[in-house]
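As structure tokens, the structure follows; a few thoughts come after it.
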Amino acid sequence: MIDPVAKFPSELDQLPDRDTEETAEWAASLDAVAKAAGPHRAAYLMRRTLQHAEGAGLALPKLLETDYVNTIPSSSEPAIDGDEEMERRITAWNRWNAAAMVTRGSKYGVGGHIATFASAAWLYETGFNHFFRGKEGDGSGDQLYIQGHASPGIYARAFLDGRLTEAHLDKFRQESGGDGLPSYPHPRRLPWLWEFPTVSMGLGPLSAIYQARFNRYLTNRNIKDVSNSHVWAFLGDGEMDEPESTAALALAAREGLDNLTFVINCNLQRLDGPVRANFKIVQELEAQFRGAGWNVVKSLWGGAWDELFQLDTTGALVRRLREVPDAQVQTYQTRDAAYIREDFFGKDPALVEMAKLLSDDKILECFHLSRGGHEPRKVYAAYKAALSHKGAPTVILAQTVKGFTLGEGFASKNANHQMKKLTNDEFKNMRDLLELPISDAQFVDGQVPYGHPGADSPEVRYLQERRAALGGPAPARRSHAIAPLPAPADKSFAAFDKGSGSQSMATTMAFVRLMKDLIRDKTTGKRWVPIVPDEARTFGMESLFPSLGIYSPKGQTYEPVDRDQLMYYREAKDGQILNEGITEAGSMADFIAASSAYATHGEPMIPFYIFYSMFGWQRTADQMWQLGDQLGRGFLVGATAGRTTLTGEGLQHADGHSPVIAATNPAALSYDPAFAYEVAAIVKDGLRRMYGEAAPGEDRDVFYYLTVYNEPMPQPAKPSGIDEGIVKGLYRFNTAESAGVTVPVNASRIQLLGSGTAIHWTLEAQKLLAEEWGVAADVWSATSWTELRRDALEADAALLRGEERTPFIRKALEGVESPVLAVSDYMRQVPDQIAQWVEQDYSSLGADGFGLSDTREAARRHFGVDAQSIVVAALAQLAKRGEVPVTSVKEARERYGL
């Protein structure tokens with residue numbers, strides 16, 4: 001037999017052995033135990049030794065898995081500080097009303113989920129009664145990330161505590177009238193209740209980690225002390241397969257976020273069947289979290305199992321629990337005692353003998369009912385342990401049964417996620433099981449009734465007293481009465497009005513310079529949260545490192561290699577910059593936490609997240625929807641934007657479509673500024689709208705998306721009277737005459753609309769058209785195709801209401817009789833957003849197709865958007881109108897080599 005250690009030496013073989021004889025004695029002792037008591041006993045002793053060593057603080061690798069048993073034995077469980085019977089009755093009402101609400105709504109075909117909350121009811125109720133801090137106490141309270149599919153149970157509890165009525169429950173998933181309940185936690189739809197949208201699987205756990213981290217950021221920067229706030233994330237075991245769910249586990253452990261607890265409802269089922277049919281999801285998750293540095297608490301078995309574990313003198317029961325795959329555990333839930341005796345106990349002689357001591361009722365109690373997540377004492381002990389653990393985040397792995405208490409038709413059935421209702425007979429069985437005082441006579445016209453013990457009942461008084469002691473209702477979102485932030489001095493914005501003269505400057509650098517000035521503001525400067533995913537130097541932000549510092553809870557424990565340089569890499573505990581490393585998802589989670597701090601903590605923060613435009617909306621658009629749902633505010637900045645401005649980078653870096661994706665998000669105000677003064681004007685207006693004195697009827701719960709470019713270009717001076725046009729989306733930058741080009745009297749004329757970097761090609765085309773073809777061209781800057789379209793849509797909607805309103809695009813082009821040619825560095829779909837409202841002849845050019853690696857000039861020629869291509873397109877449009885000879889188009893193509 002080959003000795004694997006000899007063949008593959010471990011790190012121990014590289015260390016000197018100071019006492020080989022002692023080492024041999026330890027090895028011999030282990031061999032003796034294995035020979036005399038069996039390998040299971042030897043393995044047990046080794047695990048206990050490692051656990052003891054870990055507790056003693058010895059530097060040893062941690063065990064990644066423990067046995068498939070509860071972390072906290074029954075003998076160590078603390079007493080519950082409350083009335084367990086009262087809490088049982090409250091939970092019973094919540095279970096009933098959650099199921100009733102979904103069932104009643106099913107007659108309208110709106111769906112709903114019952115089984116998830118049925119399995120997790122005690123995970124929530126224990127927290128609500130004993131742990132979750134509300135917002136009416138000191139500080140900000142706790143932040144609760146509720147599992148999306150459990151929302152009916154949260155509504156049921158809000159009904160019990162008086163925050164919702166039967167009429168509300170009957171409007172579950174029926175929101176069009178304005179007073180319905182959203183299907184899942186949606187703050188935009190129910191802003192007084194929900195704080196965090198979580199049903200897009202994976203985003204809840206990711207956001208929870210960065211929320212806990214941002215809480216520390218606020219405290220360490222002395223913005224607000226939120227050290228008493230705890231973040232609770234309720235997740236499903238199936239949800240943990242989403243890569244976002246576990247993407248930031250190491251960050252949470254690395255920064256010691258003991259203000260964070262994950263509660264994973266391990267009912268072993270995902271939407272279609274078992275999470276790990278042939279394996280064990282709890283063990284897998286334990287290894288994953290322990291390996292990442294988290295504290296792990298397992299709450300798997302209820303009190304009925306205590307007798308079985310006491311009978312397990314050989315460890316056979318524990319071994320059998322570890323080897324049974326999850327799908328078989330699910331099967332036991334639906335089988336009789338005889339089946340369980342044969343399949344579970346019959347695999348080991350010691351278990352056969354144990355089973356002889358157990359009645360059928362005992363076996364069914366254990367395998368059908370008794371789970372750690374269904375017993376308040378077990379859950380309470382786990383939560384208590386989580387809050388008392390310091391130095392690392394905690395994950396609680398609570399085993400439950402999906403569809404628990406809903407009857408045999410639901411419990412552990414693969415299809416229960418899609419099952420939307422119970423029959424009346426099933427409800428009556430459930431009533432009897434939960435011991436609820438609901439009579440058969442209350443089932444009027446075949447409809448299941450809601451149940452409520454009464455506003456002055458002992459249950460409701462208990463519930464409200466517990467919440468009062470913990471700081472008020474939960475979950476709850478607060479719209480704080482925050483005074484508008486004072487506007488920064490105008491000089492920060494006016495600095496760009498004179499232009500850059502002969503100096504060239506990219507709009508990316510203009511934005512960074514503006515931010516540097518705004519962050520210096522004595523009143524609001526500290527509220528800026530610069531976020532960057534490890535590309536600060538790419539965007540010219542390295543000058544902010546020494547002045548603002550990069551946030552690190554440990555400060556800087558080393559001497560940076562560039563310490564002797566002016567712009568050295570400085571980390572600080574009170575650092576302002578969040579430099580996240582290579583993670584757009586993490587950076588967006590930062591942005592979401594900062595952008596909604598005005599509601600979560602009553603502290604308005606102004607985040608700006610700057611990223612490669614190609615790697616923003618395309619990669620994390622789902623989080624942008626989460627941001628909009630959470631009513632976040634701030635500035636997203638797509639840098640090195642456009643299809644052709646990144647020289648040599650190629651297809652995966654060339655953004656030709658981010659404004660299209662941004663246009664799909666109603667909360668996103670998307671701008672493609674061409675000049676530095678446009679950037680300044682848009683940011684100024686954004687600060688006014690989101691943080692200052694918004695105009696009457698203006699929605700403050702929006703965020704801005706600006707595309708900026710890395711191509712250095714001369715920045716012109718700001719023309720007068722254009723501020724409205726910059727914000728609305730379009731203004732005339734110049735005319736052929738004001739541009740100083742010579743054109744014949746009565747020359748044909750065309751309007752050139754350009755956005756972003758494309759404005760420079762249109763200006764060049766304006767000159768070529770005049771000098772070589774005798775055509776007059778006026779140049780317009782289209783700062784936002786999307787805002788122009790939205791304004792036009794609103795005008796159309798007003799007309800349907802009988803109100804007459806002219807879209808801004810038509811007002812801007814009023815009196816123009818010449819055709820319009822629109823150009824951008826994006827696919828034509830971007831400028832074509834406004835086509836149907838332009839009354840003049842309209843055409844467009846854009847960079848459709850995949851990107852490619854080349855020089856800017858070659859890329860623009862390839863896509864047909866360079867100045868010469870614009871000239872040909874303009875001549876073609878005029879030729880269709882008979883204003884220039886058709887031969888001019890062919891001549892131009894040949895002259896320019898197109």
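Labeling convention for the structure tokens: chains A, B, ... as they appear, residues from 1 per chain, ligands from 1 in order of appearance.
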Running DSSP on the backbone, which parts of stretch 498-735 of chain A land in strand (DSSP E), as a PyMOL selection string? chain A and resi 504-505+528-532+550-551+571-572+578-579+606-612+635-639+668-671+703-707+713-714+731-734
Output C-alpha atoms for every residue in that selection, as a tab-separated table (two decimals), in the first residue's frame.
```tsv
chain	number	residue	atom	x	y	z
A	504	SER	CA	-7.26	68.95	-23.77
A	505	MET	CA	-9.17	67.21	-20.99
A	528	TRP	CA	-19.62	62.05	-0.39
A	529	VAL	CA	-18.85	58.32	-0.71
A	530	PRO	CA	-16.41	57.66	-3.58
A	531	ILE	CA	-16.70	54.04	-4.74
A	532	VAL	CA	-14.38	52.43	-7.26
A	550	ILE	CA	-9.12	54.36	1.50
A	551	TYR	CA	-11.49	52.93	4.08
A	571	GLU	CA	-5.58	53.27	3.99
A	572	ALA	CA	-7.29	54.58	7.11
A	578	LEU	CA	-14.40	52.55	-0.84
A	579	ASN	CA	-11.93	50.79	-3.13
A	606	ILE	CA	-23.92	61.09	-1.64
A	607	PRO	CA	-22.33	58.07	-3.28
A	608	PHE	CA	-20.67	58.17	-6.64
A	609	TYR	CA	-19.57	54.89	-8.13
A	610	ILE	CA	-17.24	55.15	-11.11
A	611	PHE	CA	-16.62	52.11	-13.28
A	612	TYR	CA	-15.86	50.94	-16.80
A	635	PHE	CA	-24.41	59.12	-9.11
A	636	LEU	CA	-23.38	56.15	-11.21
A	637	VAL	CA	-20.57	57.06	-13.58
A	638	GLY	CA	-19.81	54.90	-16.60
A	639	ALA	CA	-16.24	55.89	-17.41
A	668	ALA	CA	-32.34	56.02	-13.67
A	669	LEU	CA	-31.75	59.43	-15.22
A	670	SER	CA	-29.29	58.67	-17.98
A	671	TYR	CA	-26.99	61.36	-19.44
A	703	PHE	CA	-30.31	58.12	-9.36
A	704	TYR	CA	-28.17	59.53	-12.15
A	705	TYR	CA	-26.13	57.64	-14.72
A	706	LEU	CA	-23.45	59.68	-16.48
A	707	THR	CA	-21.25	58.34	-19.26
A	713	MET	CA	-10.39	66.86	-26.10
A	714	PRO	CA	-10.43	70.67	-25.95
A	731	TYR	CA	-29.64	72.39	-26.79
A	732	ARG	CA	-28.13	74.01	-29.88
A	733	PHE	CA	-24.39	74.27	-29.38
A	734	ASN	CA	-23.80	76.42	-32.47
```
A:Glu764 surroundings by only C-alpha atoms, 10 Å radius, close-in-sequence under 4 positions cut, as JSON, numbers by chain: {"A": [759, 760, 768, 769, 866, 867, 868, 870, 871]}
Let's have the selection written as a CSV table (one decimal), in the first residue's frame, with N, CA and C atoms.
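Result file follows (out.csv):
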```csv
chain,number,residue,atom,x,y,z
A,759,ILE,N,-20.0,64.4,-30.3
A,759,ILE,CA,-20.1,65.8,-30.6
A,759,ILE,C,-18.9,66.3,-31.4
A,760,HIS,N,-17.7,65.8,-31.1
A,760,HIS,CA,-16.5,66.2,-31.7
A,760,HIS,C,-16.4,65.8,-33.2
A,768,LEU,N,-16.4,70.2,-42.6
A,768,LEU,CA,-16.3,69.5,-44.0
A,768,LEU,C,-17.5,69.8,-44.8
A,769,LEU,N,-18.6,69.8,-44.3
A,769,LEU,CA,-19.8,70.0,-45.1
A,769,LEU,C,-19.8,71.4,-45.7
A,866,ASP,N,-17.5,58.3,-38.1
A,866,ASP,CA,-16.5,59.3,-38.1
A,866,ASP,C,-17.0,60.5,-38.9
A,867,ALA,N,-16.2,61.6,-38.9
A,867,ALA,CA,-16.7,62.9,-39.5
A,867,ALA,C,-17.0,62.7,-41.0
A,868,GLN,N,-16.2,61.9,-41.7
A,868,GLN,CA,-16.5,61.7,-43.1
A,868,GLN,C,-17.7,60.9,-43.3
A,870,ILE,N,-20.3,60.9,-41.4
A,870,ILE,CA,-21.4,61.8,-41.1
A,870,ILE,C,-21.7,62.7,-42.3
A,871,VAL,N,-20.6,63.1,-42.9
A,871,VAL,CA,-20.8,64.0,-44.1
A,871,VAL,C,-21.6,63.2,-45.2
```
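Contact shell of A:Ala585 at 9 Å (only C-alpha atoms; same-chain neighbours under 2 positions omitted): Leu206, Glu244, Ala247, Thr583, Ser587, Met588, Ala589, Asp590, Gly616, Arg619, Thr620 and Gln623 of chain A.
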Counting only C-alpha atoms, figure out which residue out of A:Trp26, A:Tyr896, A:Trp96, A:Trp617 gets nearest to A:Glu435. A:Trp96
May I have the residues within 8 Å of stretch 207-213 of chain A as number ranges by chain, using only C-alpha atoms and disregarding those fewer than 2 positions away in the same chain? A: 145, 203-205, 215-217, 230-233, 248-249, 252, 255, 257, 259-260, 586, 589-590, 592-593
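For stretch 837-842 of chain A, the residues within 8 Å (counting only C-alpha atoms, excluding itself and residues fewer than 3 positions away along the chain) are Ala792, Pro807, Ile809, Arg810, Val816, Glu817, Ser818, Pro819, Val820, Leu821, Ala822 and Ile834 of chain A.
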Just the selected residues (N, CA and C atoms), exported as a JSON list (two decimals), in the first residue's frame, please.
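Output file result.json is given in full below:
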```json
[["chain", "number", "residue", "atom", "x", "y", "z"],
["A", 792, "ALA", "N", -41.30, 63.24, -23.74],
["A", 792, "ALA", "CA", -42.27, 63.11, -24.83],
["A", 792, "ALA", "C", -43.37, 62.12, -24.47],
["A", 807, "PRO", "N", -43.91, 68.22, -26.30],
["A", 807, "PRO", "CA", -42.66, 67.63, -25.83],
["A", 807, "PRO", "C", -41.49, 68.59, -26.00],
["A", 809, "ILE", "N", -38.51, 68.07, -27.02],
["A", 809, "ILE", "CA", -37.78, 67.88, -28.26],
["A", 809, "ILE", "C", -38.41, 68.70, -29.38],
["A", 810, "ARG", "N", -39.72, 68.81, -29.40],
["A", 810, "ARG", "CA", -40.39, 69.61, -30.43],
["A", 810, "ARG", "C", -40.23, 71.11, -30.18],
["A", 816, "VAL", "N", -37.41, 74.74, -37.08],
["A", 816, "VAL", "CA", -36.38, 74.11, -37.91],
["A", 816, "VAL", "C", -37.08, 73.37, -39.05],
["A", 817, "GLU", "N", -36.68, 73.66, -40.28],
["A", 817, "GLU", "CA", -37.29, 73.00, -41.45],
["A", 817, "GLU", "C", -36.35, 72.00, -42.09],
["A", 818, "SER", "N", -35.08, 72.08, -41.75],
["A", 818, "SER", "CA", -34.10, 71.18, -42.35],
["A", 818, "SER", "C", -34.12, 69.82, -41.67],
["A", 819, "PRO", "N", -33.58, 68.78, -42.33],
["A", 819, "PRO", "CA", -33.59, 67.43, -41.75],
["A", 819, "PRO", "C", -32.64, 67.32, -40.56],
["A", 820, "VAL", "N", -32.83, 66.23, -39.81],
["A", 820, "VAL", "CA", -32.06, 65.99, -38.59],
["A", 820, "VAL", "C", -31.28, 64.68, -38.74],
["A", 821, "LEU", "N", -29.99, 64.72, -38.39],
["A", 821, "LEU", "CA", -29.14, 63.52, -38.37],
["A", 821, "LEU", "C", -28.56, 63.39, -36.97],
["A", 822, "ALA", "N", -28.87, 62.31, -36.28],
["A", 822, "ALA", "CA", -28.41, 62.09, -34.91],
["A", 822, "ALA", "C", -27.25, 61.11, -34.89],
["A", 834, "ILE", "N", -35.86, 58.98, -29.73],
["A", 834, "ILE", "CA", -36.67, 60.20, -29.90],
["A", 834, "ILE", "C", -37.29, 60.31, -31.29]]
```
Point out the residue among A:Thr735, A:Gln399, A:Asn665, A:Gln174 with the least atom-to-atom distance to A:Val69, counting only C-alpha atoms. A:Gln399
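What separates atom CA of A:Ser479 from atom CA of A:Phe131 is a distance of 23.2 Å.
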Near stretch 357-373 of chain A, counting only C-alpha atoms, which residues have an atom at most 10 Å away, once you skip same-chain residues fewer than 2 positions from it, shown as a compact mmCIF listing (two decimals) with C-alpha atoms, in the first residue's frame?
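See part.txt below for the written result:
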```txt
# COMPACT_ATOMS: atom_id res chain seq x y z
CA VAL A 69 -26.14 17.65 15.18
CA ASN A 70 -27.00 20.87 16.97
CA SER A 119 -41.18 26.38 7.39
CA ALA A 120 -39.62 29.60 8.69
CA ALA A 121 -42.34 30.96 11.00
CA TRP A 122 -40.40 30.43 14.22
CA LEU A 123 -37.21 31.87 12.72
CA ILE A 264 -30.41 30.12 6.42
CA ASN A 265 -33.66 28.22 6.39
CA CYS A 266 -32.47 24.73 5.49
CA ASN A 267 -35.72 23.03 4.52
CA LYS A 298 -26.35 24.57 13.53
CA SER A 299 -29.88 24.13 14.81
CA LEU A 300 -30.99 20.92 13.16
CA TRP A 301 -32.97 18.71 15.56
CA GLY A 302 -35.80 19.45 17.95
CA GLY A 303 -36.18 18.31 21.51
CA ALA A 304 -37.79 15.00 20.54
CA TRP A 305 -34.37 13.85 19.34
CA ASP A 306 -32.78 14.26 22.77
CA GLU A 307 -33.87 10.77 23.79
CA LEU A 308 -32.38 9.27 20.64
CA LEU A 311 -29.42 6.22 23.49
CA VAL A 329 -34.48 12.88 4.74
CA GLN A 330 -37.27 14.52 2.74
CA THR A 331 -38.68 11.07 1.92
CA TYR A 332 -38.75 10.11 5.61
CA GLN A 333 -41.02 13.11 6.17
CA THR A 334 -43.70 11.43 4.02
CA ARG A 335 -43.29 7.77 5.05
CA ASP A 336 -44.64 5.67 7.92
CA ALA A 337 -42.69 4.36 10.88
CA ALA A 338 -42.16 0.91 9.35
CA ILE A 340 -38.16 4.53 8.62
CA ARG A 341 -37.33 1.57 10.86
CA VAL A 352 -31.67 -1.74 15.00
CA GLU A 353 -31.36 -2.24 18.74
CA MET A 354 -32.07 1.43 19.38
CA ALA A 355 -35.23 1.32 17.26
CA GLU A 375 -38.74 25.03 18.11
CA PRO A 376 -38.43 28.46 19.71
CA ARG A 377 -35.99 27.27 22.37
CA LYS A 378 -33.57 26.04 19.72
CA VAL A 379 -33.94 29.21 17.64
CA TYR A 380 -33.61 31.45 20.69
CA ALA A 382 -28.96 30.07 18.23
CA ILE A 396 -27.26 29.97 11.63
CA LEU A 397 -28.14 26.82 9.72
CA ALA A 398 -31.66 25.99 10.85
CA GLN A 399 -33.25 22.80 9.57
CA THR A 400 -36.98 22.95 8.88
CA VAL A 401 -39.67 21.22 6.84
CA PHE A 404 -44.71 22.58 7.93
CA THR A 405 -48.21 22.59 9.54
CA ALA A 411 -45.05 19.09 3.79
CA SER A 412 -41.85 18.14 1.96
```
